[in-house]
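File shown: final-v6.pdb (PDB, C-alpha atoms).
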```
ATOM      1  CA  GLU A   1      68.154  72.585 111.993  1.00  0.00           C
ATOM      2  CA  LYS A   2      71.116  73.187 109.713  1.00  0.00           C
ATOM      3  CA  GLY A   3      73.983  73.674 112.141  1.00  0.00           C
ATOM      4  CA  CYS A   4      76.453  76.527 111.788  1.00  0.00           C
ATOM      5  CA  ASN A   5      79.607  77.286 109.847  1.00  0.00           C
ATOM      6  CA  MET A   6      80.205  81.042 110.054  1.00  0.00           C
ATOM      7  CA  GLU A   7      82.747  83.695 111.015  1.00  0.00           C
ATOM      8  CA  PHE A   8      81.918  86.184 113.750  1.00  0.00           C
ATOM      9  CA  PRO A   9      83.905  89.449 113.958  1.00  0.00           C
ATOM     10  CA  MET A  10      85.566  90.104 117.316  1.00  0.00           C
ATOM     11  CA  GLU A  11      85.121  93.657 118.557  1.00  0.00           C
ATOM     12  CA  ASP A  12      87.606  93.982 121.424  1.00  0.00           C
ATOM     13  CA  VAL A  13      90.856  93.951 119.387  1.00  0.00           C
ATOM     14  CA  GLU A  14      93.752  96.306 118.775  1.00  0.00           C
ATOM     15  CA  PRO A  15      93.246  99.123 116.238  1.00  0.00           C
ATOM     16  CA  GLY A  16      94.165  98.029 112.722  1.00  0.00           C
ATOM     17  CA  ILE A  17      93.686  94.338 113.527  1.00  0.00           C
ATOM     18  CA  ASN A  18      90.766  92.331 112.141  1.00  0.00           C
ATOM     19  CA  ALA A  19      89.968  89.230 114.178  1.00  0.00           C
ATOM     20  CA  TYR A  20      87.296  86.631 113.561  1.00  0.00           C
ATOM     21  CA  LEU A  21      86.075  83.596 115.446  1.00  0.00           C
ATOM     22  CA  GLY A  22      84.982  80.777 113.176  1.00  0.00           C
ATOM     23  CA  LEU A  23      82.397  78.418 114.640  1.00  0.00           C
ATOM     24  CA  LYS A  24      81.329  75.059 113.234  1.00  0.00           C
ATOM     25  CA  ILE A  25      78.392  73.170 114.723  1.00  0.00           C
ATOM     26  CA  LYS A  26      76.847  70.072 113.168  1.00  0.00           C
ATOM     27  CA  VAL A  27      73.392  68.700 113.849  1.00  0.00           C
ATOM     28  CA  PHE A  28      73.282  65.612 116.063  1.00  0.00           C
ATOM     29  CA  GLY A  29      73.541  62.530 113.902  1.00  0.00           C
ATOM     30  CA  GLU A  30      75.100  64.304 110.932  1.00  0.00           C
ATOM     31  CA  GLN A  31      78.593  63.307 109.802  1.00  0.00           C
ATOM     32  CA  GLN A  32      79.546  66.578 108.128  1.00  0.00           C
ATOM     33  CA  TYR A  33      79.525  70.228 109.082  1.00  0.00           C
ATOM     34  CA  PRO A  34      77.419  72.514 106.889  1.00  0.00           C
ATOM     35  CA  ASP A  35      79.263  74.325 104.112  1.00  0.00           C
ATOM     36  CA  GLY A  36      80.855  77.594 105.168  1.00  0.00           C
ATOM     37  CA  SER A  37      80.834  80.839 103.243  1.00  0.00           C
ATOM     38  CA  SER A  38      83.476  81.166 100.550  1.00  0.00           C
ATOM     39  CA  PRO A  39      86.251  83.747 101.034  1.00  0.00           C
ATOM     40  CA  GLU A  40      85.572  84.757  97.428  1.00  0.00           C
ATOM     41  CA  PHE A  41      82.294  86.371  96.416  1.00  0.00           C
ATOM     42  CA  GLU A  42      80.798  88.712  93.838  1.00  0.00           C
ATOM     43  CA  VAL A  43      78.480  91.709  94.137  1.00  0.00           C
ATOM     44  CA  THR A  44      76.891  94.154  91.694  1.00  0.00           C
ATOM     45  CA  ILE A  45      76.072  97.570  93.121  1.00  0.00           C
ATOM     46  CA  GLY A  46      74.791 100.774  91.554  1.00  0.00           C
ATOM     47  CA  LYS A  47      74.547 104.360  92.713  1.00  0.00           C
ATOM     48  CA  GLY A  48      71.058 105.747  92.932  1.00  0.00           C
ATOM     49  CA  GLU A  49      68.550 107.623  95.038  1.00  0.00           C
ATOM     50  CA  GLY A  50      69.875 108.104  98.547  1.00  0.00           C
ATOM     51  CA  ALA A  51      73.359 106.841  97.588  1.00  0.00           C
ATOM     52  CA  MET A  52      74.988 109.086  95.009  1.00  0.00           C
ATOM     53  CA  GLU A  53      78.488 107.892  95.906  1.00  0.00           C
ATOM     54  CA  TYR A  54      79.919 104.398  96.411  1.00  0.00           C
ATOM     55  CA  GLY A  55      81.440 105.375  99.758  1.00  0.00           C
ATOM     56  CA  LEU A  56      84.576 103.221  99.662  1.00  0.00           C
ATOM     57  CA  ASP A  57      87.921 104.394 101.035  1.00  0.00           C
ATOM     58  CA  VAL A  58      90.523 102.150  99.403  1.00  0.00           C
ATOM     59  CA  ASP A  59      94.246 101.456  99.113  1.00  0.00           C
ATOM     60  CA  SER A  60      95.916 100.458  95.843  1.00  0.00           C
ATOM     61  CA  GLN A  61      99.622 100.837  96.643  1.00  0.00           C
ATOM     62  CA  ASP A  62     100.601  97.472  95.197  1.00  0.00           C
ATOM     63  CA  SER A  63      99.202  98.474  91.765  1.00  0.00           C
ATOM     64  CA  LYS A  64      97.581  95.027  91.458  1.00  0.00           C
ATOM     65  CA  ASN A  65      94.704  94.760  93.930  1.00  0.00           C
ATOM     66  CA  ILE A  66      92.509  97.234  95.757  1.00  0.00           C
ATOM     67  CA  GLN A  67      91.995  96.850  99.497  1.00  0.00           C
ATOM     68  CA  ILE A  68      89.052  98.400 101.293  1.00  0.00           C
ATOM     69  CA  LEU A  69      90.061 100.627 104.221  1.00  0.00           C
ATOM     70  CA  LYS A  70      86.601 101.889 105.144  1.00  0.00           C
ATOM     71  CA  VAL A  71      82.968 101.541 104.073  1.00  0.00           C
ATOM     72  CA  ALA A  72      81.519 105.023 104.532  1.00  0.00           C
ATOM     73  CA  ASP A  73      78.063 106.385 103.713  1.00  0.00           C
ATOM     74  CA  GLY A  74      77.064 105.462 100.192  1.00  0.00           C
ATOM     75  CA  ALA A  75      75.893 102.638  97.955  1.00  0.00           C
ATOM     76  CA  PHE A  76      78.008  99.925  99.585  1.00  0.00           C
ATOM     77  CA  LYS A  77      76.892 100.782 103.103  1.00  0.00           C
ATOM     78  CA  LYS A  78      73.285 100.738 101.899  1.00  0.00           C
ATOM     79  CA  TYR A  79      73.895  97.335 100.299  1.00  0.00           C
ATOM     80  CA  ASN A  80      75.424  95.981 103.539  1.00  0.00           C
ATOM     81  CA  GLU A  81      72.300  96.945 105.465  1.00  0.00           C
ATOM     82  CA  GLN A  82      70.225  94.694 103.206  1.00  0.00           C
ATOM     83  CA  VAL A  83      72.303  91.483 103.196  1.00  0.00           C
ATOM     84  CA  LYS A  84      73.569  88.957 105.723  1.00  0.00           C
ATOM     85  CA  PRO A  85      77.162  89.226 107.086  1.00  0.00           C
ATOM     86  CA  PRO A  86      78.683  86.580 104.747  1.00  0.00           C
ATOM     87  CA  LEU A  87      77.768  88.790 101.773  1.00  0.00           C
ATOM     88  CA  GLN A  88      78.667  92.162 103.246  1.00  0.00           C
ATOM     89  CA  VAL A  89      81.549  94.214 101.843  1.00  0.00           C
ATOM     90  CA  ILE A  90      83.803  95.070 104.786  1.00  0.00           C
ATOM     91  CA  GLN A  91      87.028  96.788 105.754  1.00  0.00           C
ATOM     92  CA  SER A  92      90.140  94.778 104.712  1.00  0.00           C
ATOM     93  CA  ASP A  93      88.397  92.977 101.799  1.00  0.00           C
ATOM     94  CA  PHE A  94      90.452  92.786  98.611  1.00  0.00           C
ATOM     95  CA  ILE A  95      88.841  93.837  95.340  1.00  0.00           C
ATOM     96  CA  VAL A  96      90.407  91.653  92.636  1.00  0.00           C
ATOM     97  CA  SER A  97      88.138  92.567  89.715  1.00  0.00           C
ATOM     98  CA  VAL A  98      85.901  95.512  88.757  1.00  0.00           C
ATOM     99  CA  ASN A  99      83.630  95.141  85.721  1.00  0.00           C
ATOM    100  CA  GLY A 100      85.892  92.384  84.427  1.00  0.00           C
ATOM    101  CA  VAL A 101      89.093  94.435  84.784  1.00  0.00           C
ATOM    102  CA  THR A 102      91.686  92.623  86.896  1.00  0.00           C
ATOM    103  CA  GLY A 103      95.375  92.799  87.792  1.00  0.00           C
ATOM    104  CA  ASP A 104      95.662  96.593  87.359  1.00  0.00           C
ATOM    105  CA  ALA A 105      94.572  98.716  90.320  1.00  0.00           C
ATOM    106  CA  VAL A 106      94.635 101.965  88.338  1.00  0.00           C
ATOM    107  CA  GLU A 107      92.311 100.608  85.649  1.00  0.00           C
ATOM    108  CA  MET A 108      90.050  99.000  88.249  1.00  0.00           C
ATOM    109  CA  ARG A 109      89.661 102.308  90.077  1.00  0.00           C
ATOM    110  CA  LYS A 110      88.639 103.992  86.838  1.00  0.00           C
ATOM    111  CA  GLN A 111      85.667 101.623  86.648  1.00  0.00           C
ATOM    112  CA  PHE A 112      84.144 103.325  89.688  1.00  0.00           C
ATOM    113  CA  GLN A 113      83.350 106.312  87.482  1.00  0.00           C
ATOM    114  CA  ALA A 114      80.449 104.216  86.151  1.00  0.00           C
ATOM    115  CA  ASP A 115      77.052 104.282  87.871  1.00  0.00           C
ATOM    116  CA  ARG A 116      77.125 100.524  88.341  1.00  0.00           C
ATOM    117  CA  VAL A 117      79.978  98.149  89.201  1.00  0.00           C
ATOM    118  CA  ASN A 118      80.417  94.402  89.403  1.00  0.00           C
ATOM    119  CA  LEU A 119      83.059  93.438  91.943  1.00  0.00           C
ATOM    120  CA  LYS A 120      84.851  90.201  92.697  1.00  0.00           C
ATOM    121  CA  LEU A 121      86.160  90.289  96.254  1.00  0.00           C
ATOM    122  CA  VAL A 122      88.336  88.104  98.460  1.00  0.00           C
ATOM    123  CA  ARG A 123      88.279  88.260 102.238  1.00  0.00           C
ATOM    124  CA  SER A 124      91.484  89.287 103.959  1.00  0.00           C
ATOM    125  CA  PHE A 125      93.506  86.561 105.669  1.00  0.00           C
ATOM    126  CA  ASP A 126      95.093  88.068 108.774  1.00  0.00           C
ATOM    127  CA  THR A 127      98.004  86.093 110.155  1.00  0.00           C
ATOM    128  CA  VAL A 128     101.179  86.496 112.183  1.00  0.00           C
ATOM    129  CA  VAL A 129     104.571  85.517 110.766  1.00  0.00           C
ATOM    130  CA  PHE A 130     107.292  84.706 113.291  1.00  0.00           C
ATOM    131  CA  LEU A 131     110.848  85.575 112.302  1.00  0.00           C
ATOM    132  CA  ARG A 132     114.349  85.657 113.714  1.00  0.00           C
ATOM    133  CA  TYR A 133     116.837  88.408 112.998  1.00  0.00           C
ATOM    134  CA  GLY A 134     119.628  86.641 111.075  1.00  0.00           C
ATOM    135  CA  LYS A 135     123.262  87.317 110.316  1.00  0.00           C
ATOM    136  CA  ASN A 136     122.237  89.623 107.482  1.00  0.00           C
ATOM    137  CA  LYS A 137     121.421  92.995 109.048  1.00  0.00           C
ATOM    138  CA  ARG A 138     119.192  94.076 106.157  1.00  0.00           C
ATOM    139  CA  HIS A 139     115.583  92.950 105.907  1.00  0.00           C
ATOM    140  CA  GLY A 140     115.721  93.295 102.123  1.00  0.00           C
ATOM    141  CA  LEU A 141     112.109  94.401 101.660  1.00  0.00           C
ATOM    142  CA  LYS A 142     111.165  97.174  99.262  1.00  0.00           C
ATOM    143  CA  PHE A 143     108.047  99.275  99.738  1.00  0.00           C
ATOM    144  CA  PRO A 144     106.244 101.892  97.605  1.00  0.00           C
ATOM    145  CA  LYS A 145     107.996 105.251  97.388  1.00  0.00           C
ATOM    146  CA  GLN A 146     104.976 106.962  98.891  1.00  0.00           C
ATOM    147  CA  MET A 147     103.975 104.796 101.858  1.00  0.00           C
ATOM    148  CA  LYS A 148     100.583 105.490 103.416  1.00  0.00           C
ATOM    149  CA  ASN A 149      97.474 104.178 105.186  1.00  0.00           C
ATOM    150  CA  ASN A 150      99.197 102.597 108.204  1.00  0.00           C
ATOM    151  CA  ILE A 151     100.414  99.586 106.217  1.00  0.00           C
ATOM    152  CA  LEU A 152     103.665  98.505 104.590  1.00  0.00           C
ATOM    153  CA  VAL A 153     103.054  96.904 101.198  1.00  0.00           C
ATOM    154  CA  VAL A 154     105.803  94.469 100.220  1.00  0.00           C
ATOM    155  CA  MET A 155     106.737  95.183  96.600  1.00  0.00           C
ATOM    156  CA  GLU A 156     109.988  93.216  96.399  1.00  0.00           C
ATOM    157  CA  ILE A 157     112.002  90.791  98.548  1.00  0.00           C
ATOM    158  CA  GLY A 158     115.733  91.244  98.045  1.00  0.00           C
ATOM    159  CA  GLY A 159     118.725  89.825  99.849  1.00  0.00           C
ATOM    160  CA  GLY A 160     118.393  89.961 103.630  1.00  0.00           C
ATOM    161  CA  HIS A 161     117.118  88.096 106.659  1.00  0.00           C
ATOM    162  CA  ILE A 162     113.520  87.976 105.335  1.00  0.00           C
ATOM    163  CA  LYS A 163     114.691  86.058 102.247  1.00  0.00           C
ATOM    164  CA  GLU A 164     116.816  83.827 104.495  1.00  0.00           C
ATOM    165  CA  HIS A 165     113.675  83.093 106.510  1.00  0.00           C
ATOM    166  CA  ASN A 166     111.652  82.309 103.380  1.00  0.00           C
ATOM    167  CA  ASP A 167     114.341  79.980 102.012  1.00  0.00           C
ATOM    168  CA  LYS A 168     114.378  77.937 105.218  1.00  0.00           C
ATOM    169  CA  CYS A 169     110.648  78.016 105.985  1.00  0.00           C
ATOM    170  CA  GLU A 170     108.652  74.900 104.995  1.00  0.00           C
ATOM    171  CA  ASP A 171     105.256  76.355 105.936  1.00  0.00           C
ATOM    172  CA  GLU A 172     104.046  78.446 102.992  1.00  0.00           C
ATOM    173  CA  SER A 173     101.708  80.469 105.216  1.00  0.00           C
ATOM    174  CA  GLN A 174     104.706  81.573 107.313  1.00  0.00           C
ATOM    175  CA  LYS A 175     106.606  83.021 104.365  1.00  0.00           C
ATOM    176  CA  ILE A 176     106.568  86.730 103.541  1.00  0.00           C
ATOM    177  CA  ARG A 177     105.189  87.263 100.030  1.00  0.00           C
ATOM    178  CA  VAL A 178     105.248  90.060  97.481  1.00  0.00           C
ATOM    179  CA  TYR A 179     102.069  92.170  97.913  1.00  0.00           C
ATOM    180  CA  ASP A 180     101.733  91.180 101.589  1.00  0.00           C
ATOM    181  CA  ARG A 181     100.577  94.050 103.777  1.00  0.00           C
ATOM    182  CA  ILE A 182     102.461  94.452 107.054  1.00  0.00           C
ATOM    183  CA  VAL A 183     100.013  95.919 109.576  1.00  0.00           C
ATOM    184  CA  SER A 184     101.959  95.451 112.820  1.00  0.00           C
ATOM    185  CA  VAL A 185     105.474  94.800 114.114  1.00  0.00           C
ATOM    186  CA  ASN A 186     105.706  92.887 117.393  1.00  0.00           C
ATOM    187  CA  GLY A 187     102.005  93.542 117.916  1.00  0.00           C
ATOM    188  CA  GLN A 188     102.356  97.304 117.564  1.00  0.00           C
ATOM    189  CA  VAL A 189     100.503  99.251 114.873  1.00  0.00           C
ATOM    190  CA  GLY A 190     101.217 102.730 113.536  1.00  0.00           C
ATOM    191  CA  THR A 191     101.843 104.766 110.440  1.00  0.00           C
ATOM    192  CA  ALA A 192     103.682 103.218 107.525  1.00  0.00           C
ATOM    193  CA  ALA A 193     106.814 105.169 108.474  1.00  0.00           C
ATOM    194  CA  THR A 194     106.539 103.978 112.082  1.00  0.00           C
ATOM    195  CA  LEU A 195     106.119 100.349 111.017  1.00  0.00           C
ATOM    196  CA  LYS A 196     109.149 100.622 108.736  1.00  0.00           C
ATOM    197  CA  SER A 197     111.236 102.071 111.552  1.00  0.00           C
ATOM    198  CA  ARG A 198     110.179  99.297 113.943  1.00  0.00           C
ATOM    199  CA  LEU A 199     110.989  96.663 111.331  1.00  0.00           C
ATOM    200  CA  GLU A 200     114.444  98.116 110.774  1.00  0.00           C
ATOM    201  CA  ARG A 201     115.103  98.184 114.536  1.00  0.00           C
ATOM    202  CA  ALA A 202     113.801  94.655 115.210  1.00  0.00           C
ATOM    203  CA  THR A 203     116.328  92.244 116.722  1.00  0.00           C
ATOM    204  CA  GLY A 204     116.282  88.648 117.895  1.00  0.00           C
ATOM    205  CA  LYS A 205     112.893  86.990 117.524  1.00  0.00           C
ATOM    206  CA  PHE A 206     110.085  89.204 116.287  1.00  0.00           C
ATOM    207  CA  GLN A 207     106.705  88.944 114.579  1.00  0.00           C
ATOM    208  CA  LEU A 208     104.906  90.683 111.756  1.00  0.00           C
ATOM    209  CA  GLY A 209     101.147  91.043 111.448  1.00  0.00           C
ATOM    210  CA  ILE A 210     100.277  90.313 107.821  1.00  0.00           C
ATOM    211  CA  GLN A 211      97.182  90.784 105.650  1.00  0.00           C
ATOM    212  CA  ARG A 212      96.831  89.016 102.306  1.00  0.00           C
ATOM    213  CA  PRO A 213      93.954  87.680 100.181  1.00  0.00           C
ATOM    214  CA  CYS A 214      92.418  84.688 101.912  1.00  0.00           C
ATOM    215  CA  PRO A 215      93.251  81.254 100.419  1.00  0.00           C
ATOM    216  CA  GLU A 216      90.235  79.171  99.423  1.00  0.00           C
ATOM    217  CA  ASP A 217      90.806  76.494 102.093  1.00  0.00           C
ATOM    218  CA  ALA A 218      91.705  78.819 105.000  1.00  0.00           C
ATOM    219  CA  ALA A 219      88.493  78.209 106.960  1.00  0.00           C
ATOM    220  CA  SER A 220      87.802  74.607 106.001  1.00  0.00           C
ATOM    221  CA  SER A 221      91.273  73.420 107.028  1.00  0.00           C
ATOM    222  CA  ALA A 222      90.997  74.720 110.609  1.00  0.00           C
ATOM    223  CA  PRO A 223      91.156  72.052 113.339  1.00  0.00           C
ATOM    224  CA  ASP A 224      88.118  71.198 115.458  1.00  0.00           C
ATOM    225  CA  GLY A 225      85.920  73.605 113.559  1.00  0.00           C
ATOM    226  CA  ILE A 226      87.249  76.663 115.401  1.00  0.00           C
ATOM    227  CA  PHE A 227      89.691  79.198 114.026  1.00  0.00           C
ATOM    228  CA  CYS A 228      90.739  82.749 114.617  1.00  0.00           C
ATOM    229  CA  LEU A 229      92.392  85.034 112.101  1.00  0.00           C
ATOM    230  CA  LEU A 230      94.512  87.573 113.920  1.00  0.00           C
TER     231      LEU A 230
END
```
For this file, produce the structure as structure tokens.
Amino acid sequence: EKGCNMEFPMEDVEPGINAYLGLKIKVFGEQQYPDGSSPEFEVTIGKGEGAMEYGLDVDSQDSKNIQILKVADGAFKKYNEQVKPPLQVIQSDFIVSVNGVTGDAVEMRKQFQADRVNLKLVRSFDTVVFLRYGKNKRHGLKFPKQMKNNILVVMEIGGGHIKEHNDKCEDESQKIRVYDRIVSVNGQVGTAATLKSRLERATGKFQLGIQRPCPEDAASSAPDGIFCLL
């Protein structure tokens, strides 16, 4: 009897949204919950018989990190079939290092030409940021010139109502950050161009669905041992 401290993926959610239910259960008489899985983990995977490709569909628009969009047939899918969920490589994970190369998405992607890769990954933290359309009519966000993959990657935060929100906001998790990925506007998903259009037309109070690398204490700081990342 060890109790439980795990995340369980929720299946009945909107397309493009990753939701998890975290459950903590401690054994009767114990004062502490068991340790949960870390949002950061490391795997070493090689191509071989039956898996000649890695099978990862990724996004690297921010030029810093690589985010996994899909785990297709290949070495990573084969690896996932052999390990427990806390160690599986899944859609929305951020790859922050490949064979020791970090901070440069182009150079990290080149490492996948090798037959074996060592990855450091961070789970995605999915949250909702609530904003109010201010006096400044511009949002002030800059995105990559070639937007793609049904996400808006924040590359720069200039003058506008988003910066006004950040300057007033005391909750760091509710601030928009450079490299954040906007995946929905007012709960609606779509192409990058559609999301940008909805953001530019937003008025009054509105919300943005955000994905970013998960902070180390995201799970452990949840109240009552239950949390949901939306």
The PyMOL selection byres ((chain A and resi 194) around 12) resolved against shown file, as JSON, numbers by chain: {"A": [147, 148, 149, 150, 151, 152, 182, 183, 184, 185, 188, 189, 190, 191, 192, 193, 195, 196, 197, 198, 199, 200, 201]}
For A:Phe143: contacts at 6 Å, all atoms listed in the file, fewer than 4 positions along chain excluded, given as a VMD selection string: chain A and resid 153 to 155
Ground truth for the PyMOL selection byres ((chain A and resi 137) around 12), written as a PyMOL selection string: chain A and resi 132-136+138-141+159-164+199-204
Go ahead and save the picked residues with C-alpha atoms, as a short mmCIF file (atom, residue, chain, number, x, y, z; two decimals), in the frame of the given file.
```cif
data_model
loop_
_atom_site.label_atom_id
_atom_site.label_comp_id
_atom_site.auth_asym_id
_atom_site.auth_seq_id
_atom_site.Cartn_x
_atom_site.Cartn_y
_atom_site.Cartn_z
CA ARG A 132 114.35 85.66 113.71
CA TYR A 133 116.84 88.41 113.00
CA GLY A 134 119.63 86.64 111.08
CA LYS A 135 123.26 87.32 110.32
CA ASN A 136 122.24 89.62 107.48
CA ARG A 138 119.19 94.08 106.16
CA HIS A 139 115.58 92.95 105.91
CA GLY A 140 115.72 93.30 102.12
CA LEU A 141 112.11 94.40 101.66
CA GLY A 159 118.72 89.82 99.85
CA GLY A 160 118.39 89.96 103.63
CA HIS A 161 117.12 88.10 106.66
CA ILE A 162 113.52 87.98 105.34
CA LYS A 163 114.69 86.06 102.25
CA GLU A 164 116.82 83.83 104.50
CA LEU A 199 110.99 96.66 111.33
CA GLU A 200 114.44 98.12 110.77
CA ARG A 201 115.10 98.18 114.54
CA ALA A 202 113.80 94.66 115.21
CA THR A 203 116.33 92.24 116.72
CA GLY A 204 116.28 88.65 117.90
#
```
Pick from A:Arg123, A:Arg177, A:Lys110, A:Lys47 nearest to A:Gln67, counting only C-alpha atoms: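 Under the stated criterion, the closest residue is A:Arg123.
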Option closest in space to A:Lys168, from A:Gly187, A:Leu131, A:Ser92, A:Phe125 [counting all atoms listed in the file]: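 Using all atoms listed in the file, the shortest distance to A:Lys168 belongs to A:Leu131.
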Residues returned when the PyMOL selection byres ((chain A and resi 68) around 12) runs on this file, as number ranges by chain: A: 54-61, 65-67, 69-72, 76, 89-96, 109, 121-124, 149, 211, 213
For the residues in the current selection, export C-alpha atoms as a compact mmCIF listing (two decimals), keeping the file's coordinate frame.
```
# COMPACT_ATOMS: atom_id res chain seq x y z
CA TYR A 54 79.92 104.40 96.41
CA GLY A 55 81.44 105.38 99.76
CA LEU A 56 84.58 103.22 99.66
CA ASP A 57 87.92 104.39 101.04
CA VAL A 58 90.52 102.15 99.40
CA ASP A 59 94.25 101.46 99.11
CA SER A 60 95.92 100.46 95.84
CA GLN A 61 99.62 100.84 96.64
CA ASN A 65 94.70 94.76 93.93
CA ILE A 66 92.51 97.23 95.76
CA GLN A 67 92.00 96.85 99.50
CA LEU A 69 90.06 100.63 104.22
CA LYS A 70 86.60 101.89 105.14
CA VAL A 71 82.97 101.54 104.07
CA ALA A 72 81.52 105.02 104.53
CA PHE A 76 78.01 99.92 99.58
CA VAL A 89 81.55 94.21 101.84
CA ILE A 90 83.80 95.07 104.79
CA GLN A 91 87.03 96.79 105.75
CA SER A 92 90.14 94.78 104.71
CA ASP A 93 88.40 92.98 101.80
CA PHE A 94 90.45 92.79 98.61
CA ILE A 95 88.84 93.84 95.34
CA VAL A 96 90.41 91.65 92.64
CA ARG A 109 89.66 102.31 90.08
CA LEU A 121 86.16 90.29 96.25
CA VAL A 122 88.34 88.10 98.46
CA ARG A 123 88.28 88.26 102.24
CA SER A 124 91.48 89.29 103.96
CA ASN A 149 97.47 104.18 105.19
CA GLN A 211 97.18 90.78 105.65
CA PRO A 213 93.95 87.68 100.18
```
Atom CA of A:Gln111 to atom CA of A:Val178, straight-line distance in Å: 25.2 Å
Long-range neighbours of A:Ser173 as JSON, numbers by chain, 10 Å cut-off, all atoms listed in the file, 6 positions minimum in chain: {"A": [127, 128, 129, 215]}
Closest of A:Asp104, A:Leu87, A:Tyr179, A:Phe130 to A:Asn166 - atom-to-atom distances counting all atoms listed in the file: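 When distances to A:Asn166 are compared using all atoms listed in the file, the smallest one comes from A:Phe130.
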